[in-house]
>>> print(open('structure-v4.tsv').read())   # TSV, C-alpha atoms and all ligand atoms
chain	number	residue	atom	x	y	z
A	1	MET	CA	-19.81	-8.37	-18.80
A	2	LYS	CA	-17.92	-9.29	-15.65
A	3	LYS	CA	-15.11	-6.84	-14.94
A	4	TYR	CA	-11.78	-7.83	-13.47
A	5	ASN	CA	-10.40	-4.81	-11.64
A	6	PHE	CA	-6.59	-4.74	-11.66
A	7	SER	CA	-6.37	-0.98	-10.94
A	8	ALA	CA	-3.37	0.20	-8.90
A	9	GLY	CA	-5.34	2.59	-6.71
A	10	PRO	CA	-8.01	3.45	-5.91
A	11	SER	CA	-8.48	-0.24	-6.38
A	12	ILE	CA	-10.61	-3.29	-5.88
A	13	LEU	CA	-12.55	-3.77	-2.66
A	14	ALA	CA	-14.27	-6.96	-1.59
A	15	GLN	CA	-17.84	-7.05	-2.88
A	16	GLU	CA	-19.25	-7.58	0.60
A	17	VAL	CA	-17.31	-4.53	1.85
A	18	ILE	CA	-18.92	-2.40	-0.84
A	19	GLU	CA	-22.37	-3.83	-0.10
A	20	ASN	CA	-22.06	-3.34	3.66
A	21	THR	CA	-20.84	0.22	3.10
A	22	ALA	CA	-23.82	0.86	0.84
A	23	LYS	CA	-26.13	-0.36	3.62
A	24	ALA	CA	-24.47	1.91	6.18
A	25	VAL	CA	-24.73	4.83	3.78
A	26	LEU	CA	-28.49	4.29	3.80
A	27	ASP	CA	-28.87	3.32	7.44
A	28	LEU	CA	-26.21	2.73	10.08
A	29	ASN	CA	-27.11	0.22	12.79
A	30	GLY	CA	-30.82	0.35	11.94
A	31	LYS	CA	-31.19	3.79	13.52
A	32	GLY	CA	-32.58	5.48	10.43
A	33	LEU	CA	-29.52	7.68	9.76
A	34	SER	CA	-26.69	7.46	7.28
A	35	VAL	CA	-23.09	7.03	8.46
A	36	MET	CA	-22.50	10.20	6.38
A	37	GLU	CA	-24.87	12.39	8.34
A	38	ILE	CA	-24.16	11.52	11.97
A	39	SER	CA	-21.81	13.37	14.27
A	40	HIS	CA	-18.29	12.03	14.42
A	41	ARG	CA	-18.73	12.46	18.18
A	42	SER	CA	-21.82	10.26	18.31
A	43	SER	CA	-21.58	6.91	20.04
A	44	ASP	CA	-22.37	5.14	16.76
A	45	PHE	CA	-19.36	6.69	15.02
A	46	GLN	CA	-17.12	6.39	18.07
A	47	ALA	CA	-17.85	2.66	17.92
A	48	VAL	CA	-16.74	2.61	14.27
A	49	MET	CA	-13.46	4.31	15.19
A	50	ASP	CA	-12.87	2.09	18.23
A	51	GLU	CA	-13.51	-1.14	16.35
A	52	SER	CA	-11.28	-0.01	13.45
A	53	VAL	CA	-8.40	0.71	15.81
A	54	ALA	CA	-8.99	-2.55	17.71
A	55	LEU	CA	-8.97	-4.61	14.51
A	56	PHE	CA	-5.79	-2.88	13.32
A	57	ARG	CA	-4.19	-3.88	16.61
A	58	GLU	CA	-5.49	-7.42	16.52
A	59	LEU	CA	-4.77	-8.23	12.87
A	60	LEU	CA	-1.25	-6.75	12.86
A	61	GLU	CA	-0.48	-7.71	16.49
A	62	ILE	CA	0.46	-4.11	17.25
A	63	PRO	CA	2.23	-3.75	20.61
A	64	ALA	CA	0.59	-1.62	23.32
A	65	ASN	CA	3.08	1.27	23.07
A	66	TYR	CA	1.87	2.14	19.55
A	67	HIS	CA	-1.04	4.35	18.53
A	68	VAL	CA	-3.26	3.80	15.50
A	69	LEU	CA	-4.50	6.97	13.81
A	70	PHE	CA	-6.86	7.70	10.94
A	71	LEU	CA	-6.04	11.03	9.32
A	72	GLY	CA	-6.66	12.88	6.07
A	73	GLY	CA	-4.13	14.11	3.53
A	74	GLY	CA	-3.08	10.79	2.02
A	75	ALA	CA	0.29	9.11	2.23
A	76	SER	CA	1.71	12.19	0.51
A	77	LEU	CA	1.06	14.36	3.56
A	78	GLN	CA	2.98	11.81	5.63
A	79	PHE	CA	6.02	12.47	3.43
A	80	CYS	CA	6.13	15.86	5.17
A	81	MET	CA	4.67	14.95	8.58
A	82	VAL	CA	7.33	12.30	9.20
A	83	PRO	CA	10.32	14.69	8.92
A	84	TYR	CA	8.35	17.54	10.52
A	85	ASN	CA	7.86	15.45	13.66
A	86	LEU	CA	10.98	13.29	13.68
A	87	MET	CA	13.93	14.96	11.98
A	88	ARG	CA	16.34	16.93	14.08
A	89	LYS	CA	19.38	17.02	11.78
A	90	LYS	CA	19.57	14.08	9.46
A	91	ALA	CA	17.46	11.23	8.13
A	92	ALA	CA	18.30	8.20	5.99
A	93	TYR	CA	16.13	7.12	3.06
A	94	LEU	CA	16.10	4.11	0.75
A	95	GLU	CA	15.29	5.27	-2.80
A	96	THR	CA	13.26	2.52	-4.45
A	97	GLY	CA	10.87	4.39	-6.70
A	98	THR	CA	8.64	7.37	-7.40
A	99	TRP	CA	7.00	7.46	-3.97
A	100	ALA	CA	10.33	7.13	-2.18
A	101	LYS	CA	11.66	10.04	-4.25
A	102	LYS	CA	8.68	12.16	-3.27
A	103	ALA	CA	9.26	11.33	0.39
A	104	ILE	CA	12.94	12.27	0.01
A	105	LYS	CA	12.05	15.58	-1.62
A	106	GLU	CA	9.89	16.58	1.35
A	107	ALA	CA	12.46	15.46	3.91
A	108	LYS	CA	15.10	17.70	2.30
A	109	GLY	CA	13.03	20.66	3.43
A	110	PHE	CA	13.77	19.76	7.06
A	111	GLY	CA	17.42	18.76	7.15
A	112	GLU	CA	20.10	16.56	5.69
A	113	VAL	CA	18.96	13.50	3.78
A	114	ASP	CA	21.29	10.54	3.39
A	115	VAL	CA	20.08	8.34	0.53
A	116	VAL	CA	21.67	5.08	1.68
A	117	ALA	CA	21.02	3.25	-1.58
A	118	SER	CA	19.03	3.69	-4.77
A	119	SER	CA	17.83	1.45	-7.58
A	120	SER	CA	17.41	4.38	-9.97
A	121	ASP	CA	20.27	3.01	-12.13
A	122	LYS	CA	17.94	0.24	-13.38
A	123	ASN	CA	14.66	2.15	-13.41
A	124	PHE	CA	13.89	0.88	-9.90
A	125	ASN	CA	13.47	-2.75	-10.95
A	126	TYR	CA	15.12	-4.13	-7.80
A	127	ILE	CA	15.47	-3.55	-4.06
A	128	PRO	CA	19.05	-2.53	-3.16
A	129	LYS	CA	20.94	-4.81	-0.79
A	130	GLY	CA	24.01	-4.51	1.39
A	131	PHE	CA	23.56	-0.85	2.30
A	132	THR	CA	24.46	0.61	5.68
A	133	ILE	CA	22.00	2.60	7.75
A	134	PRO	CA	23.89	5.46	9.45
A	135	GLU	CA	23.65	5.26	13.23
A	136	ASP	CA	23.52	9.04	13.58
A	137	ALA	CA	20.34	9.37	11.50
A	138	ASP	CA	17.19	10.37	13.36
A	139	TYR	CA	15.28	7.74	11.41
A	140	PHE	CA	15.47	5.47	8.37
A	141	HIS	CA	12.65	5.60	5.82
A	142	ILE	CA	11.60	2.87	3.40
A	143	THR	CA	8.76	2.26	0.94
A	144	THR	CA	7.90	-1.40	1.47
A	145	ASN	CA	5.99	-1.87	-1.78
A	146	ASN	CA	6.81	0.15	-4.87
A	147	THR	CA	3.40	0.31	-6.46
A	148	ILE	CA	4.64	1.77	-9.74
A	149	PHE	CA	7.68	-0.44	-10.37
A	150	GLY	CA	6.37	-3.70	-8.89
A	151	THR	CA	9.11	-4.34	-6.34
A	152	GLU	CA	8.64	-5.09	-2.68
A	153	ILE	CA	10.67	-5.38	0.51
A	154	LEU	CA	9.39	-8.72	1.78
A	155	GLU	CA	11.18	-8.72	5.12
A	156	ASP	CA	11.20	-6.48	8.17
A	157	TYR	CA	14.66	-4.90	8.28
A	158	ASP	CA	16.71	-4.56	11.42
A	159	SER	CA	17.55	-0.89	11.75
A	160	PRO	CA	19.86	0.73	14.32
A	161	VAL	CA	17.68	3.85	14.23
A	162	PRO	CA	13.88	4.23	14.31
A	163	MET	CA	12.41	2.93	11.07
A	164	ALA	CA	9.62	4.66	9.14
A	165	ALA	CA	7.73	2.80	6.43
A	166	ASP	CA	5.29	3.80	3.73
A	167	MET	CA	3.12	0.67	3.49
A	168	SER	CA	0.39	2.23	1.36
A	169	SER	CA	0.18	-0.65	-1.07
A	170	ASP	CA	1.05	-3.72	0.99
A	171	ILE	CA	-0.40	-3.13	4.44
A	172	PHE	CA	-2.32	-6.24	5.57
A	173	SER	CA	-0.91	-8.29	2.68
A	174	ARG	CA	1.44	-10.19	4.98
A	175	PRO	CA	2.28	-10.44	8.69
A	176	VAL	CA	4.53	-7.54	9.76
A	177	ASP	CA	6.70	-7.33	12.86
A	178	VAL	CA	5.42	-3.91	13.89
A	179	SER	CA	7.91	-3.74	16.76
A	180	LYS	CA	10.71	-3.23	14.20
A	181	TYR	CA	9.13	0.03	13.00
A	182	ALA	CA	8.72	3.36	14.73
A	183	ILE	CA	6.06	4.51	12.30
A	184	ILE	CA	4.08	2.83	9.53
A	185	TYR	CA	1.72	4.84	7.35
A	186	GLY	CA	-0.23	4.70	4.13
A	187	GLY	CA	-3.19	5.84	2.12
A	188	ALA	CA	-6.18	3.50	2.47
A	189	GLN	CA	-7.00	3.36	-1.22
A	190	LYS	CA	-4.74	0.46	-2.23
A	191	ASN	CA	-5.45	-2.42	0.11
A	192	LEU	CA	-7.90	-1.16	2.70
A	193	GLY	CA	-10.66	1.18	1.61
A	194	PRO	CA	-11.56	4.13	-0.57
A	195	ALA	CA	-9.40	7.25	-0.93
A	196	GLY	CA	-9.70	9.78	1.85
A	197	ALA	CA	-8.40	7.94	4.91
A	198	THR	CA	-4.73	7.66	5.87
A	199	PHE	CA	-3.61	5.21	8.53
A	200	VAL	CA	-0.67	5.84	10.86
A	201	ILE	CA	0.77	3.34	13.33
A	202	ILE	CA	3.21	5.19	15.57
A	203	ARG	CA	5.30	4.35	18.64
A	204	ASP	CA	4.91	7.02	21.26
A	205	ASP	CA	8.54	7.39	22.40
A	206	ILE	CA	9.76	8.81	19.06
A	207	LEU	CA	7.77	12.03	19.42
A	208	GLY	CA	8.61	15.25	21.22
A	209	LYS	CA	12.27	15.29	20.23
A	210	VAL	CA	12.33	18.16	17.73
A	211	ASP	CA	12.61	21.84	18.64
A	212	ARG	CA	10.72	23.36	15.73
A	213	TYR	CA	7.14	24.58	15.96
A	214	ILE	CA	4.86	21.95	14.43
A	215	PRO	CA	1.54	23.25	13.09
A	216	THR	CA	-1.29	21.76	15.13
A	217	MET	CA	-2.78	19.63	12.36
A	218	LEU	CA	0.65	18.25	11.36
A	219	ASP	CA	1.62	17.27	14.90
A	220	TYR	CA	1.07	13.55	15.56
A	221	ASN	CA	0.53	14.34	19.24
A	222	THR	CA	-2.56	16.38	18.37
A	223	HIS	CA	-4.18	13.34	16.81
A	224	ILE	CA	-2.93	10.90	19.44
A	225	ASP	CA	-4.34	13.08	22.22
A	226	LYS	CA	-7.75	13.26	20.54
A	227	GLY	CA	-7.98	9.69	19.25
A	228	SER	CA	-8.01	10.89	15.60
A	229	MET	CA	-10.92	13.20	16.48
A	230	PHE	CA	-9.16	16.56	16.83
A	231	ASN	CA	-11.10	17.62	13.78
A	232	THR	CA	-13.68	15.75	11.72
A	233	PRO	CA	-12.07	12.57	10.44
A	234	PRO	CA	-12.96	11.08	7.04
A	235	CYS	CA	-15.94	9.20	8.51
A	236	LEU	CA	-17.22	7.34	5.47
A	237	PRO	CA	-13.80	6.10	4.22
A	238	ILE	CA	-13.02	4.96	7.79
A	239	TYR	CA	-16.29	3.05	7.84
A	240	THR	CA	-15.32	1.20	4.66
A	241	CYS	CA	-11.88	0.43	6.14
A	242	LEU	CA	-13.71	-1.10	9.10
A	243	GLU	CA	-15.73	-3.32	6.77
A	244	THR	CA	-12.48	-4.44	5.08
A	245	LEU	CA	-10.91	-5.22	8.46
A	246	ARG	CA	-13.97	-7.28	9.47
A	247	TRP	CA	-13.77	-9.13	6.14
A	248	LEU	CA	-10.05	-9.73	6.64
A	249	LYS	CA	-10.60	-11.13	10.11
A	250	LYS	CA	-13.38	-13.41	8.89
A	251	LEU	CA	-11.07	-14.80	6.18
A	252	GLY	CA	-8.46	-15.67	8.79
A	253	GLY	CA	-6.26	-12.57	9.00
A	254	VAL	CA	-2.95	-11.60	7.44
A	255	LYS	CA	-1.33	-15.06	7.51
A	256	VAL	CA	-4.11	-16.54	5.41
A	257	MET	CA	-4.11	-13.45	3.21
A	258	HIS	CA	-0.35	-13.76	2.71
A	259	ARG	CA	-0.71	-17.36	1.50
A	260	MET	CA	-3.49	-16.38	-0.90
A	261	ASN	CA	-1.47	-13.43	-2.19
A	262	GLN	CA	1.61	-15.57	-2.78
A	263	GLU	CA	-0.48	-18.09	-4.67
A	264	LYS	CA	-2.10	-15.43	-6.89
A	265	ALA	CA	1.18	-13.65	-7.63
A	266	GLY	CA	2.95	-16.98	-8.20
A	267	LEU	CA	0.40	-18.04	-10.82
A	268	LEU	CA	0.78	-14.78	-12.72
A	269	TYR	CA	4.59	-14.62	-12.51
A	270	ASP	CA	4.76	-18.24	-13.72
A	271	GLU	CA	2.63	-17.39	-16.73
A	272	ILE	CA	4.72	-14.30	-17.53
A	273	GLU	CA	7.83	-16.51	-17.47
A	274	ARG	CA	6.25	-19.23	-19.55
A	275	ASN	CA	4.46	-17.11	-22.15
A	276	PRO	CA	6.83	-16.20	-25.03
A	277	LEU	CA	4.98	-12.89	-25.57
A	278	PHE	CA	5.77	-11.36	-22.19
A	279	VAL	CA	8.63	-10.60	-19.84
A	280	GLY	CA	8.52	-9.36	-16.24
A	281	THR	CA	10.29	-6.08	-15.44
A	282	ALA	CA	11.26	-6.61	-11.78
A	283	GLU	CA	14.24	-8.69	-10.67
A	284	PRO	CA	12.91	-12.08	-9.44
A	285	ASP	CA	14.17	-11.62	-5.85
A	286	SER	CA	12.54	-8.19	-5.58
A	287	ARG	CA	9.18	-8.92	-7.17
A	288	SER	CA	6.08	-7.47	-5.58
A	289	VAL	CA	3.26	-9.74	-4.48
A	290	MET	CA	0.83	-6.84	-4.98
A	291	ASN	CA	1.74	-5.10	-8.27
A	292	ILE	CA	2.93	-7.30	-11.09
A	293	CYS	CA	4.65	-5.43	-13.92
A	294	PHE	CA	5.36	-6.96	-17.33
A	295	VAL	CA	6.03	-5.83	-20.89
A	296	MET	CA	6.00	-7.45	-24.34
A	297	GLN	CA	9.15	-9.34	-25.32
A	298	ASP	CA	11.29	-7.29	-27.74
A	299	GLU	CA	10.18	-9.17	-30.85
A	300	TYR	CA	6.50	-8.66	-29.99
A	301	GLN	CA	6.64	-4.97	-29.04
A	302	GLU	CA	4.17	-3.99	-31.76
A	303	LEU	CA	1.52	-6.20	-30.10
A	304	GLU	CA	1.32	-4.12	-26.92
A	305	LYS	CA	-1.72	-2.09	-27.92
A	306	GLY	CA	-3.33	-5.22	-29.32
A	307	PHE	CA	-3.01	-7.10	-26.05
A	308	LEU	CA	-4.44	-4.21	-24.10
A	309	GLU	CA	-7.48	-4.16	-26.40
A	310	PHE	CA	-7.83	-7.94	-26.30
A	311	ALA	CA	-7.64	-8.06	-22.50
A	312	THR	CA	-10.09	-5.17	-22.24
A	313	SER	CA	-12.51	-7.08	-24.47
A	314	LYS	CA	-12.28	-9.93	-21.95
A	315	GLY	CA	-13.23	-7.64	-19.07
A	316	MET	CA	-9.79	-6.69	-17.72
A	317	VAL	CA	-9.65	-3.18	-16.23
A	318	GLY	CA	-6.64	-1.14	-15.13
A	319	ILE	CA	-3.83	-3.30	-16.52
A	320	LYS	CA	-2.09	-0.58	-18.53
A	321	GLY	CA	1.34	-0.07	-17.01
A	322	HIS	CA	2.42	3.19	-15.41
A	323	ARG	CA	4.11	5.48	-17.95
A	324	SER	CA	7.46	5.16	-16.16
A	325	VAL	CA	7.56	1.38	-16.81
A	326	GLY	CA	5.26	0.93	-19.81
A	327	GLY	CA	3.62	-2.36	-20.73
A	328	PHE	CA	1.26	-3.76	-18.16
A	329	ARG	CA	0.69	-3.78	-14.44
A	330	ALA	CA	-1.72	-6.13	-12.74
A	331	SER	CA	-2.44	-5.06	-9.18
A	332	VAL	CA	-3.57	-8.12	-7.25
A	333	TYR	CA	-4.41	-6.67	-3.87
A	334	ASN	CA	-6.02	-8.62	-1.03
A	335	ALA	CA	-9.53	-8.22	-2.42
A	336	MET	CA	-8.60	-9.64	-5.84
A	337	PRO	CA	-9.96	-13.19	-6.11
A	338	LYS	CA	-7.81	-15.92	-7.61
A	339	GLU	CA	-10.45	-16.39	-10.33
A	340	SER	CA	-9.65	-12.91	-11.67
A	341	VAL	CA	-5.96	-13.74	-11.88
A	342	VAL	CA	-6.85	-16.95	-13.72
A	343	ALA	CA	-9.02	-14.93	-16.14
A	344	LEU	CA	-6.05	-12.66	-16.91
A	345	ILE	CA	-3.82	-15.68	-17.45
A	346	GLU	CA	-6.41	-17.13	-19.85
A	347	ALA	CA	-6.43	-13.85	-21.77
A	348	MET	CA	-2.62	-13.98	-22.00
A	349	GLN	CA	-2.80	-17.56	-23.28
A	350	GLY	CA	-5.59	-16.75	-25.72
A	351	PHE	CA	-3.52	-13.90	-27.15
A	352	GLU	CA	-0.49	-16.17	-27.38
A	353	LYS	CA	-2.48	-18.67	-29.49
A	354	MET	CA	-3.42	-15.87	-31.89
A	355	HIS	CA	0.13	-14.58	-32.36
A	356	VAL	CA	2.73	-17.26	-31.65
A	357	LYS	CA	3.09	-20.05	-34.19
B	1	LIG	C1	-0.36	5.54	-3.87
B	1	LIG	C2	0.86	5.66	-3.05
B	1	LIG	C3	1.21	6.85	-2.39
B	1	LIG	C4	0.40	8.11	-2.54
B	1	LIG	O1	-0.72	8.04	-1.74
B	1	LIG	P1	-1.73	9.26	-1.59
B	1	LIG	O2	-2.66	8.75	-0.54
B	1	LIG	O3	-2.37	9.47	-2.92
B	1	LIG	O4	-0.96	10.45	-1.16
B	1	LIG	C5	2.33	6.86	-1.60
B	1	LIG	N1	3.10	5.76	-1.46
B	1	LIG	C6	2.81	4.60	-2.08
B	1	LIG	C7	3.69	3.41	-1.88
B	1	LIG	C8	1.68	4.51	-2.89
B	1	LIG	O5	1.38	3.36	-3.51
>>> encode(input="structure-v4.tsv", output="structure tokens", more="lines below")
Ligand SMILES: *Cc1c(COP(=O)(O)O)cnc(C)c1O
Amino acid sequence: MKKYNFSAGPSILAQEVIENTAKAVLDLNGKGLSVMEISHRSSDFQAVMDESVALFRELLEIPANYHVLFLGGGASLQFCMVPYNLMRKKAAYLETGTWAKKAIKEAKGFGEVDVVASSSDKNFNYIPKGFTIPEDADYFHITTNNTIFGTEILEDYDSPVPMAADMSSDIFSRPVDVSKYAIIYGGAQKNLGPAGATFVIIRDDILGKVDRYIPTMLDYNTHIDKGSMFNTPPCLPIYTCLETLRWLKKLGGVKVMHRMNQEKAGLLYDEIERNPLFVGTAEPDSRSVMNICFVMQDEYQELEKGFLEFATSKGMVGIKGHRSVGGFRASVYNAMPKESVVALIEAMQGFEKMHVK
């Protein structure tokens, strides 16, 4: 049976990305060697790295004074690398969910953390507004897409201090004004590739301002100086990211992707609003275009397990909601075709016919 993969991460990749990776695993560039068994210093792998960085720059229109890095350690290691490298005394954080809280926890190990606003009062179902970013903070940190709670910051804020953003789950989903950020980072496994690669886009003037000793591997300058090749980078995950970037460019880039994402999310949010069985959890003006969270209406609570089983029988995978929200979460990342969203909507309508008179 056809599977519709709505997993939150690791998550769906375009079929052609998986196929091209499979080919390169068997034979990269027709040279009789796997991408997994060649030196990261070989010209064949250097070309993979160079093209990946170039496509990052091209697709996101990254200005020249920024570096693009591919590291290990996941977005979670960035929660510590950001304050390690950037915090002198104080940093400001916007608390919009589980990942933001984890970033805040790490930052507290390096200095004072000013949580400028939080949506914890409503289980993170909205993006706070009207907060003030302190001008004496060394940086201001946000999580642009809250993968677990299905909320998203859909604009590029103006910040009086350097802005750091965890874009793990919405990078390349829309055009971003990179010049408004000092650093953007994320794990690849939501919208870009398999787990194992972490991307970092960093402006060079924000470094070198802290007095503490920074361990070599945690120092951004180490990786900038060596073009992400100080040590062995995650070669195979980077290769898959490259295939995704090629695919993205072929489709027309982030503007086209943004339109497609808005259409997909719009269809699903419309159905959630229309269908008497379901209700969305995020406030309408904060809703994520990537992770769509919904629960059963109060009077149909006892049908939750039934819908999960019904949808599973129709080929849906990964729609069970995170335990901190409950219900359902449909992750509709870039690689998710509209047809899969339509299939989920049909399952929702089929279940409605069975249960609503
Ligand atoms: C998944 C996720 C993370 C954690 O990423 P790892 O690469 O597993 O460390 C961090 N932030 C956001 C927004 C995420 O979606």
>>> closest_atom_pairs(input="structure-v4.tsv", of="chain A", to="ligand LIG 1 (chain B)", cutoff="10 Å", atoms="all atoms listed in the file", output="tab-separated table")
residue	atom	partner	partner_atom	distance
A:Ala8	CA	B:LIG1	O5	7.8
A:Gly9	CA	B:LIG1	C1	6.4
A:Pro10	CA	B:LIG1	C1	8.2
A:Gly72	CA	B:LIG1	O2	8.8
A:Gly73	CA	B:LIG1	O4	6.7
A:Gly74	CA	B:LIG1	O2	3.3
A:Ala75	CA	B:LIG1	O4	3.9
A:Ser76	CA	B:LIG1	O4	3.6
A:Leu77	CA	B:LIG1	O4	6.5
A:Gln78	CA	B:LIG1	O4	8.0
A:Phe79	CA	B:LIG1	C5	8.4
A:Thr96	CA	B:LIG1	C7	9.9
A:Gly97	CA	B:LIG1	C7	8.7
A:Thr98	CA	B:LIG1	N1	8.3
A:Trp99	CA	B:LIG1	N1	4.9
A:Ala100	CA	B:LIG1	N1	7.4
A:Lys101	CA	B:LIG1	N1	10.0
A:Lys102	CA	B:LIG1	C5	8.4
A:Ala103	CA	B:LIG1	C5	8.5
A:Ile142	CA	B:LIG1	C7	9.5
A:Thr143	CA	B:LIG1	C7	5.9
A:Thr144	CA	B:LIG1	C7	7.2
A:Asn145	CA	B:LIG1	C7	5.8
A:Asn146	CA	B:LIG1	C7	5.4
A:Thr147	CA	B:LIG1	O5	4.7
A:Ile148	CA	B:LIG1	O5	7.2
A:Glu152	CA	B:LIG1	C7	9.9
A:Ala165	CA	B:LIG1	C7	9.3
A:Asp166	CA	B:LIG1	C7	5.8
A:Met167	CA	B:LIG1	C7	6.1
A:Ser168	CA	B:LIG1	C7	4.8
A:Ser169	CA	B:LIG1	O5	4.8
A:Asp170	CA	B:LIG1	C7	8.1
A:Ile171	CA	B:LIG1	C7	10.0
A:Tyr185	CA	B:LIG1	N1	9.0
A:Gly186	CA	B:LIG1	N1	6.6
A:Gly187	CA	B:LIG1	O2	4.0
A:Ala188	CA	B:LIG1	O2	7.0
A:Gln189	CA	B:LIG1	O2	7.0
A:Lys190	CA	B:LIG1	O5	6.9
A:Asn191	CA	B:LIG1	O5	9.7
A:Ala195	CA	B:LIG1	O2	6.9
A:Gly196	CA	B:LIG1	O2	7.5
A:Ala197	CA	B:LIG1	O2	8.0
A:Thr198	CA	B:LIG1	O2	6.8
A:Phe199	CA	B:LIG1	O2	9.8
A:Asn291	CA	B:LIG1	O5	9.7
>>> closest_residue(input="structure-v4.tsv", among="A:Pro63, A:Gly32, A:Gly280, A:Gly227", to="Gln46 of chain A", atoms="all atoms listed in the file")
A:Gly227
>>> residues_near_point(input="structure-v4.tsv", point="(11.1, 4.7, -13.0)", cutoff="12 Å", atoms="only C-alpha atoms", output="PyMOL selection string")
chain A and resi 95-101+118-126+146-151+281-282+321-326
>>> write_last_selection(input="structure-v4.tsv", atoms="C-alpha atoms", output="PDB file, in the coordinates of the input")
ATOM      1  CA  GLU A  95      15.290   5.270  -2.800  1.00  0.00           C
ATOM      2  CA  THR A  96      13.260   2.520  -4.450  1.00  0.00           C
ATOM      3  CA  GLY A  97      10.870   4.390  -6.700  1.00  0.00           C
ATOM      4  CA  THR A  98       8.640   7.370  -7.400  1.00  0.00           C
ATOM      5  CA  TRP A  99       7.000   7.460  -3.970  1.00  0.00           C
ATOM      6  CA  ALA A 100      10.330   7.130  -2.180  1.00  0.00           C
ATOM      7  CA  LYS A 101      11.660  10.040  -4.250  1.00  0.00           C
ATOM      8  CA  SER A 118      19.030   3.690  -4.770  1.00  0.00           C
ATOM      9  CA  SER A 119      17.830   1.450  -7.580  1.00  0.00           C
ATOM     10  CA  SER A 120      17.410   4.380  -9.970  1.00  0.00           C
ATOM     11  CA  ASP A 121      20.270   3.010 -12.130  1.00  0.00           C
ATOM     12  CA  LYS A 122      17.940   0.240 -13.380  1.00  0.00           C
ATOM     13  CA  ASN A 123      14.660   2.150 -13.410  1.00  0.00           C
ATOM     14  CA  PHE A 124      13.890   0.880  -9.900  1.00  0.00           C
ATOM     15  CA  ASN A 125      13.470  -2.750 -10.950  1.00  0.00           C
ATOM     16  CA  TYR A 126      15.120  -4.130  -7.800  1.00  0.00           C
ATOM     17  CA  ASN A 146       6.810   0.150  -4.870  1.00  0.00           C
ATOM     18  CA  THR A 147       3.400   0.310  -6.460  1.00  0.00           C
ATOM     19  CA  ILE A 148       4.640   1.770  -9.740  1.00  0.00           C
ATOM     20  CA  PHE A 149       7.680  -0.440 -10.370  1.00  0.00           C
ATOM     21  CA  GLY A 150       6.370  -3.700  -8.890  1.00  0.00           C
ATOM     22  CA  THR A 151       9.110  -4.340  -6.340  1.00  0.00           C
ATOM     23  CA  THR A 281      10.290  -6.080 -15.440  1.00  0.00           C
ATOM     24  CA  ALA A 282      11.260  -6.610 -11.780  1.00  0.00           C
ATOM     25  CA  GLY A 321       1.340  -0.070 -17.010  1.00  0.00           C
ATOM     26  CA  HIS A 322       2.420   3.190 -15.410  1.00  0.00           C
ATOM     27  CA  ARG A 323       4.110   5.480 -17.950  1.00  0.00           C
ATOM     28  CA  SER A 324       7.460   5.160 -16.160  1.00  0.00           C
ATOM     29  CA  VAL A 325       7.560   1.380 -16.810  1.00  0.00           C
ATOM     30  CA  GLY A 326       5.260   0.930 -19.810  1.00  0.00           C
TER      31      GLY A 326
END
>>> residues_near_point(input="structure-v4.tsv", point="(9.6, -6.7, 17.1)", cutoff="10 Å", atoms="all atoms listed in the file", output="ChimeraX atom specification")
/A:62-63,156,158,176-181
>>> atom_distance(input="structure-v4.tsv", atom1="atom CA of Ala14 of chain A", atom2="atom CA of Ala335 of chain A")
5.0 Å
>>> atom_distance(input="structure-v4.tsv", atom1="atom CA of Glu243 of chain A", atom2="atom CA of Val332 of chain A")
19.2 Å
>>> closest_residue(input="structure-v4.tsv", among="A:Asn261, A:Asn275, A:Asn221, A:Gln297", to="Met336 of chain A", atoms="only C-alpha atoms")
A:Asn261
>>> closest_residue(input="structure-v4.tsv", among="A:Leu69, A:Ser43, A:Asn29, A:Lys353", to="Asp225 of chain A", atoms="only C-alpha atoms")
A:Leu69
